[in-house]
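Written below as structure tokens is the structure these notes are about.
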Amino acid sequence: MAVNRLGMVVHQARPTAVAAARTARAWAAAHGISCFELDVWRGDQPRRSAQEESAAAGHPDLIVTFGGDGTFLRGARLAARNGAAALGVNVGRVGFLTEISVDQVEDALNAVHEGRATIEERMLLTLRASRPLEMPEGMEALLRYGRGPVPPPPKVRPGCAPEEAGWGIPLDVNAVNDVVFEKLARDRQAGLGVYVSAQLLASYSADAIIVATPTGSTAYSFAAGGPVVSPYLDAVVFTPVAPHIAFDRTVVAAVDEPVAVRVLPTSGQVAVSLDGQLRGVLNPGDWVAAYRAPVRLRLVRLAPTQFYHRLRDRFRLADSPAADAAPPFYRPSAPIPPDLAHLRFPPVPDEPPEPAPESRPGPDGRR
């Protein structure tokens with residue numbers, strides 16, 4: 001894809017991120033490409049919605065993030081909402097979602113602009129709710145301590161009726177990783193009824209319920225004991241956190257099975273967070289349904305994604321001192337048999353150079 005307008009989301013507290021963003025600006029200037037910074041915290045002004053941010057930047061077709069996974073999630077939501085591609089530059093500690101390091105910025109932008117990169121699509125979540133999400137008075141001031149302005153509560157999705165005969169209000173919001181319903185007060189459990197395809201599955205008294213995408217299965221859901229789900233799969237994953245019930249397992253629902261969470265009458269207030277950002281508070285009787293969004297996240301990849309390689313490295317799965325060393329690939333170099341041709345395999349790894357043959361001693365005993 002040729003880049004016509006470049007958007008950047010920069011973690012301003014990281015000097016490495018700021019320096020890498022300067023490299024991207026210089027690249028854009030050298031190629032005559034407009035470049036704008038998105039999601040800038042403007043003092044006491046409120047944060048803008050994804051649509052407003054994109055419109056102010058002239059709707060960039062590529063959004064590059066400079067930071068860790070949190071910065072990438074901010075940029076990815078902006079990109080998905082506006083049909084742009086997203087590229088993450090890692091200057092964080094984990095960088096599970098980001099694609100390149102700071103010394104690859106110029107080469108990566110050249111690859112995208114010259115059509116040598118590929119686009120990988122990921123499933124997102126969107127929401128319907130029994131009422132618009134709201135933030136209690138005084139909550140924003142508490143959340144802003146030591147940080148910038150919080151995002152506004154989601155608006156009603158454009159082109160949709162506010163209420164559609166009991167199906168709830170469609171919210172103009174997307175989540176890359178997860179939607180989390182958690183207790184607001186430490187001394188009050190969240191009482192939550194979880195419905196799958198409109199049928200009650202279980203009633204929980206818990207610290208939280210996590211509804212995640214496959215991409216988000218390696219984030220909070222994983223930390224709470226949930227499974228790793230391949231990002232190539234479309235599914236809805238929900239995991240209870242510290243439930244007071246014998247059934248404490250994750251459930252992986254099909255992509256056409258919406259997961260709804262209702263706040264039960266005996267519950268305290270429940271906070272709703274998207275990708276780690278608080279977006280509203282629910283009262284007893286309120287409900288929110290999470291399901292696959294109509295748009296998808298378009299990730300820039302410079303090489304075929306090796307998800308399990310990344311999983312192994314980020315979580316150091318091959319470093320167990322009790323395990324013998326295992327080869328990193330099981331991938332014969334011979335052509336793939338016809339009955340396996342439809343399966344996904346990594347590319348053939350580069351063969352190590354053969355060792356030079358050992359020289360034999362000559363007649364004078366020298367080698």
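In the structure tokens, chains take letters A, B, ... by order of appearance, with residues numbered from 1 within each chain and ligands from 1 in the order shown.
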Please produce, as CSV, a per-residue contact table for segment 257-297 of chain A versus segment 231-245 of chain A (criterion: any atom at most 9 Å away, only C-alpha atoms considered), showing the nearest atom pair and its distance in Å to one decimal, sorted by chain then residue number.
residue,atom,partner,partner_atom,distance
A:Glu257,CA,A:Val236,CA,7.7
A:Pro258,CA,A:Val236,CA,7.6
A:Val259,CA,A:Val236,CA,7.5
A:Ala290,CA,A:Val236,CA,8.5
A:Tyr291,CA,A:Val236,CA,7.3
A:Arg292,CA,A:Val236,CA,7.8
Write out the residues from the selection above, keeping N, CA and C atoms, as a PDB file, in the first residue's frame.
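What landed in part.pdb:
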ATOM      1  N   GLU A 257     -21.925 -16.193  18.817  1.00  0.00           N
ATOM      2  CA  GLU A 257     -22.585 -16.338  20.108  1.00  0.00           C
ATOM      3  C   GLU A 257     -22.212 -15.139  20.991  1.00  0.00           C
ATOM      4  N   PRO A 258     -23.043 -14.104  21.024  1.00  0.00           N
ATOM      5  CA  PRO A 258     -22.714 -12.922  21.823  1.00  0.00           C
ATOM      6  C   PRO A 258     -22.687 -13.254  23.310  1.00  0.00           C
ATOM      7  N   VAL A 259     -21.816 -12.574  24.032  1.00  0.00           N
ATOM      8  CA  VAL A 259     -21.706 -12.747  25.480  1.00  0.00           C
ATOM      9  C   VAL A 259     -22.212 -11.468  26.142  1.00  0.00           C
ATOM     10  N   ALA A 290     -21.311  -8.010  24.456  1.00  0.00           N
ATOM     11  CA  ALA A 290     -20.103  -7.894  23.630  1.00  0.00           C
ATOM     12  C   ALA A 290     -20.177  -8.917  22.509  1.00  0.00           C
ATOM     13  N   TYR A 291     -19.816  -8.487  21.297  1.00  0.00           N
ATOM     14  CA  TYR A 291     -19.868  -9.381  20.151  1.00  0.00           C
ATOM     15  C   TYR A 291     -18.904  -8.860  19.089  1.00  0.00           C
ATOM     16  N   ARG A 292     -18.677  -9.674  18.049  1.00  0.00           N
ATOM     17  CA  ARG A 292     -17.712  -9.304  17.020  1.00  0.00           C
ATOM     18  C   ARG A 292     -18.111  -8.006  16.331  1.00  0.00           C
TER      19      ARG A 292
END
Under the rule of at most 7 Å, produce a per-residue listing of segment 207-257 of chain A near segment 171-186 of chain A: chain, number, name, the closest pair of atoms, and the distance in Å, as CSV, using only C-alpha atoms.
residue,atom,partner,partner_atom,distance
A:Asp207,CA,A:Lys183,CA,5.7
A:Ala208,CA,A:Glu182,CA,4.0
A:Ile209,CA,A:Phe181,CA,5.2
A:Ile210,CA,A:Val180,CA,4.6
A:Val211,CA,A:Val179,CA,5.2
A:Ala212,CA,A:Asp178,CA,4.1
A:Thr213,CA,A:Asn177,CA,5.6
A:Thr215,CA,A:Asn177,CA,5.8
A:Gly216,CA,A:Asn177,CA,3.7
Kindly give the distance, in Å, that separates atom CA of Ala55 of chain A and atom CA of Glu121 of chain A, rounded to a single decimal.
22.9 Å
Need to verify the contact set: Leu6 of chain A, 10 Å, only C-alpha atoms, exclusion of same-chain residues closer than 5 positions in sequence. Can you return it as an NGL selection string?
:A and (24-25 or 28 or 33-38 or 57-64 or 84 or 109)
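The shell of residues at most 8 Å from Arg298 of chain A, with only C-alpha atoms counted and near chain neighbours (fewer than 3 positions) removed, consists of Ala79, Ala80, Gly83, Ala84, Ala85, Ala86, Ile119, Glu120, Glu121 and Arg122 of chain A.
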For the residues in the current selection, export all heavy atoms as a PDB file, in the first residue's frame.
ATOM      1  N   ALA A  79      -7.026   3.286  14.340  1.00  0.00           N
ATOM      2  CA  ALA A  79      -6.886   2.751  12.986  1.00  0.00           C
ATOM      3  C   ALA A  79      -8.121   1.950  12.583  1.00  0.00           C
ATOM      4  O   ALA A  79      -8.645   2.118  11.477  1.00  0.00           O
ATOM      5  CB  ALA A  79      -5.627   1.882  12.899  1.00  0.00           C
ATOM      6  N   ALA A  80      -8.568   1.065  13.460  1.00  0.00           N
ATOM      7  CA  ALA A  80      -9.704   0.209  13.120  1.00  0.00           C
ATOM      8  C   ALA A  80     -10.962   1.019  12.880  1.00  0.00           C
ATOM      9  O   ALA A  80     -11.749   0.711  11.980  1.00  0.00           O
ATOM     10  CB  ALA A  80      -9.929  -0.809  14.237  1.00  0.00           C
ATOM     11  N   GLY A  83     -10.475   2.534   9.285  1.00  0.00           N
ATOM     12  CA  GLY A  83     -10.041   1.727   8.156  1.00  0.00           C
ATOM     13  C   GLY A  83      -8.576   1.854   7.811  1.00  0.00           C
ATOM     14  O   GLY A  83      -8.154   1.430   6.724  1.00  0.00           O
ATOM     15  N   ALA A  84      -7.766   2.418   8.709  1.00  0.00           N
ATOM     16  CA  ALA A  84      -6.331   2.561   8.455  1.00  0.00           C
ATOM     17  C   ALA A  84      -5.591   1.296   8.880  1.00  0.00           C
ATOM     18  O   ALA A  84      -6.102   0.478   9.643  1.00  0.00           O
ATOM     19  CB  ALA A  84      -5.777   3.770   9.209  1.00  0.00           C
ATOM     20  N   ALA A  85      -4.380   1.135   8.377  1.00  0.00           N
ATOM     21  CA  ALA A  85      -3.503   0.060   8.831  1.00  0.00           C
ATOM     22  C   ALA A  85      -2.724   0.543  10.051  1.00  0.00           C
ATOM     23  O   ALA A  85      -2.495   1.741  10.231  1.00  0.00           O
ATOM     24  CB  ALA A  85      -2.543  -0.347   7.719  1.00  0.00           C
ATOM     25  N   ALA A  86      -2.317  -0.390  10.909  1.00  0.00           N
ATOM     26  CA  ALA A  86      -1.607  -0.056  12.143  1.00  0.00           C
ATOM     27  C   ALA A  86      -0.268  -0.772  12.171  1.00  0.00           C
ATOM     28  O   ALA A  86      -0.169  -1.960  11.863  1.00  0.00           O
ATOM     29  CB  ALA A  86      -2.432  -0.442  13.363  1.00  0.00           C
ATOM     30  N   ILE A 119      -0.792  -7.258   5.105  1.00  0.00           N
ATOM     31  CA  ILE A 119      -1.793  -6.819   6.076  1.00  0.00           C
ATOM     32  C   ILE A 119      -2.459  -8.042   6.675  1.00  0.00           C
ATOM     33  O   ILE A 119      -2.945  -8.912   5.957  1.00  0.00           O
ATOM     34  CB  ILE A 119      -2.856  -5.912   5.419  1.00  0.00           C
ATOM     35  CG1 ILE A 119      -2.205  -4.672   4.808  1.00  0.00           C
ATOM     36  CG2 ILE A 119      -3.908  -5.521   6.452  1.00  0.00           C
ATOM     37  CD1 ILE A 119      -1.550  -3.757   5.812  1.00  0.00           C
ATOM     38  N   GLU A 120      -2.451  -8.108   8.008  1.00  0.00           N
ATOM     39  CA  GLU A 120      -3.096  -9.200   8.736  1.00  0.00           C
ATOM     40  C   GLU A 120      -4.299  -8.638   9.487  1.00  0.00           C
ATOM     41  O   GLU A 120      -4.187  -7.618  10.160  1.00  0.00           O
ATOM     42  CB  GLU A 120      -2.097  -9.811   9.719  1.00  0.00           C
ATOM     43  CG  GLU A 120      -2.664 -10.908  10.601  1.00  0.00           C
ATOM     44  CD  GLU A 120      -1.622 -11.410  11.590  1.00  0.00           C
ATOM     45  OE1 GLU A 120      -0.597 -11.951  11.131  1.00  0.00           O
ATOM     46  OE2 GLU A 120      -1.811 -11.222  12.793  1.00  0.00           O
ATOM     47  N   GLU A 121      -5.440  -9.297   9.375  1.00  0.00           N
ATOM     48  CA  GLU A 121      -6.658  -8.787  10.007  1.00  0.00           C
ATOM     49  C   GLU A 121      -6.939  -9.525  11.315  1.00  0.00           C
ATOM     50  O   GLU A 121      -6.700 -10.730  11.428  1.00  0.00           O
ATOM     51  CB  GLU A 121      -7.849  -8.928   9.064  1.00  0.00           C
ATOM     52  CG  GLU A 121      -7.738  -8.049   7.823  1.00  0.00           C
ATOM     53  CD  GLU A 121      -9.018  -8.016   7.021  1.00  0.00           C
ATOM     54  OE1 GLU A 121      -9.907  -8.849   7.283  1.00  0.00           O
ATOM     55  OE2 GLU A 121      -9.132  -7.153   6.135  1.00  0.00           O
ATOM     56  N   ARG A 122      -7.425  -8.779  12.290  1.00  0.00           N
ATOM     57  CA  ARG A 122      -7.777  -9.336  13.599  1.00  0.00           C
ATOM     58  C   ARG A 122      -9.201  -8.939  13.971  1.00  0.00           C
ATOM     59  O   ARG A 122      -9.670  -7.839  13.663  1.00  0.00           O
ATOM     60  CB  ARG A 122      -6.820  -8.810  14.677  1.00  0.00           C
ATOM     61  CG  ARG A 122      -5.364  -9.234  14.514  1.00  0.00           C
ATOM     62  CD  ARG A 122      -5.144 -10.670  14.935  1.00  0.00           C
ATOM     63  NE  ARG A 122      -3.749 -11.066  14.845  1.00  0.00           N
ATOM     64  CZ  ARG A 122      -2.865 -10.954  15.836  1.00  0.00           C
ATOM     65  NH1 ARG A 122      -3.243 -10.434  16.998  1.00  0.00           N
ATOM     66  NH2 ARG A 122      -1.618 -11.363  15.681  1.00  0.00           N
TER      67      ARG A 122
END
Which residue gives the smallest distance to Ser267 of chain A among A:Thr126, A:Asn110, A:Asn283, A:Thr118, with only C-alpha atoms counted?
A:Asn283
List every residue of segment 192-237 of chain A that DSSP, applied to the backbone of this structure, assigns to alpha helix (DSSP H), and report them as JSON, numbers by chain.
{"A": [220, 221, 222, 223]}
Within segment 12-238 of chain A, find each residue whose DSSP state, derived from the backbone, is strand (DSSP E or B), and express the selection as number ranges by chain.
A: 34-37, 62-67, 85-90, 100-101, 118-122, 125-129, 156, 169-175, 178-183, 190-196, 199-206, 208-212, 235-238
Between atom CA of Thr16 of chain A and atom CA of Gln104 of chain A lies a distance of 13.0 Å
Which residue, A:Ser217, A:Val281, A:Leu133, A:Trp27, has the smallest gap to Val3 of chain A when you use only C-alpha atoms?
A:Trp27
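Coordinates place atom CA of Gly226 of chain A at a distance of 17.0 Å from atom CA of Ala202 of chain A.
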Between A:Ala246, A:Val112, A:Ala318, A:Leu192, which residue has the minimum interatomic distance to Thr266 of chain A, considering only C-alpha atoms?
A:Leu192
Nearest candidate to Arg128 of chain A (options A:Val228, A:Val288, A:Ala206, A:Ala190; using only C-alpha atoms):
A:Val288
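Of the listed residues A:Leu127, A:Ala56, A:Ala19, A:Ala30, the one whose atoms come nearest to Trp287 of chain A is A:Leu127, with distances taken using only C-alpha atoms.
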Tell me which protein, DNA and RNA residues are within 6 Å of Val263 of chain A, counting only C-alpha atoms, leaving out same-chain ones fewer than 5 positions away, and put them as number ranges by chain.
A: 191-192, 284-286
